[in-house]
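J.: Dumping the structure here so I can ask a few things about it.
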Amino acid sequence: MRHRERRDRPEKIQRRTLLKNFGLVTFSMVVCFAVLTQHLPSFAVVHNDALESQRGSQSVRVSKKPKSQLKQQPRINYSAFSHRAHVTQQKLSCDSCHKFPTKNWKDVRKGDAAFPDVAEFPEHASCLNCHRQQFFARERPQPRICSNCHVNVTPRETSRFMFPSLGDVSDSSKQRKANVSDFSINFPHDKHVDVVGLNLGVRLNLRFVSVLWQQQPSTSSEPKSCPVCHQTYQPQGDSTDEYVLKPPKNLGDDFWLKKGSFKTIPTSHTVCFTCHNAGVGIEPAPSNCGACHKLATLLPIPANDFDPKLTAKLGLTDQTTLYLWSKRSSSGTFRHEGGEHPNVSCLSCHSVPTMNTADLKTLLVPVSSCGGAEGCHITPRLMTGEF
């Protein structure tokens with residue numbers, strides 16, 4: 001019996017050990033359950049908050065409008081340079097990009113004709129400060145922004161267009177770009193019409209251009225300064241050919257543009273800088289671009305008879321003629337060279353004191369200067385008093 005009890009003792013010990021371990025495990029589970037039960041409300045709150053926030057974000061996403069209904073910002077066309085965006089939005093001054101004078105001022109005009117001028121587009125450094133991303137954009141055949149100044153953009157071809165203000169320079173190696181300026185020229189005619197007419201060229205060693213009116217009598221009261229800037233463009237002169245382009249044989253009374261219809265306007269700084277230079281010291285200085293170049297006001301252009309379809313019919317390709325006709329607020333049938341117009345003073349039709357080149361409406365010629373009691377084309381009938 002004793003031997004059997006001794007043999008069974010290890011089994012009892014093993015059972016006790018199992019029961020003991022089971023009790024420990026059960027106790028641990030009870031403790032964990034109690035702890036979990038105690039903290040369950042706070043856990044539920046946290047979990048619910050997370051769910052609510054997630055649902056809230058989902059509801060916000062659902063409430064958003066479809067992309068098709070959202071207002072998309074207009075894509076910027078970097079191939080069309082805008083002075084208006086740089087001046088009004090970015091608040092940049094002229095000298096932040098344009099340097100006076102540019103390095104090439106002695107090259108564009110040779111010898112005595114050369115004078116310090118802004119004669120080239122700004123350097124790359126002026127653009128890279130803001131447009132580095134556009135400069136290195138992967139666009140083919142070249143980044144769009146480069147087309148503002150460069151004809152082509154390749155490692156071997158880096159030539160630029162002719163700078164727009166060099167209207168007096170003719171260089172066959174330089175290509176001109178069709179340019180519509182954002183600026184209008186603030187030129188006070190009343191301050192220049194008498195001053196330029198004085199003999200200042202001798203006293204100030206200036207180089208005024210000497211241009212005479214055709215058929216102009218010596219006793220004419222025409223201000224001598226007007227032909228300095230405004231000359232008859234493509235005059236007929238003594239030629240028998242009165243039309244700019246050859247008209248059709250069956251023209252009849254239909255309109256066809258004639259020579260001598262327009263007057264030129266300055267397209268460079270050549271005449272301006274004869275007085276406004278560092279040597280003479282007459283303000284505004286050449287480096288003060290903003291004194292003359294003002295952002296054009298976005299006002300409706302006064303009606304005229306310029307019609308692109310008509311010019312296409314006429315076959316006009318001369319850019320100067322197209323520009324002058326599109327800007328002149330009068331009929332293309334009027335000729336500065338026609339009839340007695342060359343012998344009539346500019347002041348007879350144009351009101352110099354009220355002219356403001358920045359406002360096209362002030363440049364209109366009143367009908368009274370053409371007709372009326374003192375006009376040329378409508379004369380009073382002495383018998384009836386009618387006009």
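Residue names in the structure tokens use chain letters A, B, ... in the order shown, residue numbers from 1 in each chain, and ligand numbers from 1 in the order shown.
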Enumerate, as a VMD selection string, the complete set of residues in segment 239-384 of chain A that a backbone-based DSSP assignment places in helix (DSSP H, G or I).

T.: chain A and resid 272 to 274 289 to 291 308 to 314 319 to 327 341 to 343 346 to 348 352 to 354 360 to 363 367 to 369

J.: Could you please take those selected residues and save C-alpha atoms as a compact mmCIF listing (two decimals), in the first residue's frame?

T.:
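What ended up in part22.txt:
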```txt
# COMPACT_ATOMS: atom_id res chain seq x y z
CA CYS A 272 12.44 112.63 -78.26
CA PHE A 273 16.01 112.17 -77.06
CA THR A 274 17.27 115.17 -79.00
CA CYS A 289 10.06 105.40 -68.81
CA GLY A 290 6.86 105.91 -66.85
CA ALA A 291 6.72 109.63 -67.64
CA PRO A 308 -10.09 93.50 -91.53
CA LYS A 309 -12.30 91.99 -94.24
CA LEU A 310 -11.97 95.16 -96.31
CA THR A 311 -8.20 95.28 -95.91
CA ALA A 312 -8.02 91.63 -96.94
CA LYS A 313 -10.07 92.47 -100.04
CA LEU A 314 -7.70 95.32 -100.86
CA GLN A 319 1.99 96.83 -91.33
CA THR A 320 2.38 100.61 -91.01
CA THR A 321 -0.71 101.27 -93.12
CA LEU A 322 -2.74 98.68 -91.22
CA TYR A 323 -1.68 100.13 -87.87
CA LEU A 324 -2.35 103.76 -88.80
CA TRP A 325 -5.73 102.94 -90.31
CA SER A 326 -6.83 100.88 -87.30
CA LYS A 327 -5.89 103.70 -84.90
CA HIS A 341 -5.18 119.76 -97.27
CA PRO A 342 -1.38 120.07 -97.62
CA ASN A 343 -1.77 123.86 -97.52
CA CYS A 346 -2.86 121.33 -88.70
CA LEU A 347 -4.30 123.70 -86.10
CA SER A 348 -7.27 124.40 -88.36
CA VAL A 352 -3.80 121.02 -79.81
CA PRO A 353 -4.66 122.37 -76.30
CA THR A 354 -7.19 119.60 -75.68
CA LEU A 360 -8.43 108.65 -78.30
CA LYS A 361 -11.62 110.66 -77.95
CA THR A 362 -9.64 113.90 -77.64
CA LEU A 363 -7.95 113.22 -80.98
CA VAL A 367 -17.09 117.93 -88.21
CA SER A 368 -17.32 121.72 -87.93
CA SER A 369 -13.73 121.97 -89.13
```

J.: Write out as JSON lines the residues of segment 267-306 of chain A that have any atom within 10 Å of an atom of segment 149-171 of chain A, one row each with the nearest atom pair and its distance in Å to one decimal, counting only C-alpha atoms, sorted by chain and then rising number.

T.:
```
{"residue": "A:Thr267", "atom": "CA", "partner": "A:Gly167", "partner_atom": "CA", "distance": 4.7}
{"residue": "A:Ser268", "atom": "CA", "partner": "A:Ser165", "partner_atom": "CA", "distance": 5.0}
{"residue": "A:His269", "atom": "CA", "partner": "A:Ser165", "partner_atom": "CA", "distance": 7.2}
{"residue": "A:Thr270", "atom": "CA", "partner": "A:Asp168", "partner_atom": "CA", "distance": 7.8}
```

J.: Run DSSP on the backbone and give me the residues of segment 260-330 of chain A it puts in strand (DSSP E or B), as number ranges by chain.

T.: A: 263, 293-295

J.: Using C-alpha atoms, can you write the selected residues to a file as a PDB file, in the first residue's frame?

T.:
```
ATOM      1  CA  LYS A 263       0.420 110.727 -91.264  1.00  0.00           C
ATOM      2  CA  HIS A 293       4.607 105.272 -71.299  1.00  0.00           C
ATOM      3  CA  LYS A 294       1.266 104.903 -69.512  1.00  0.00           C
ATOM      4  CA  LEU A 295      -0.805 101.744 -69.354  1.00  0.00           C
TER       5      LEU A 295
END
```
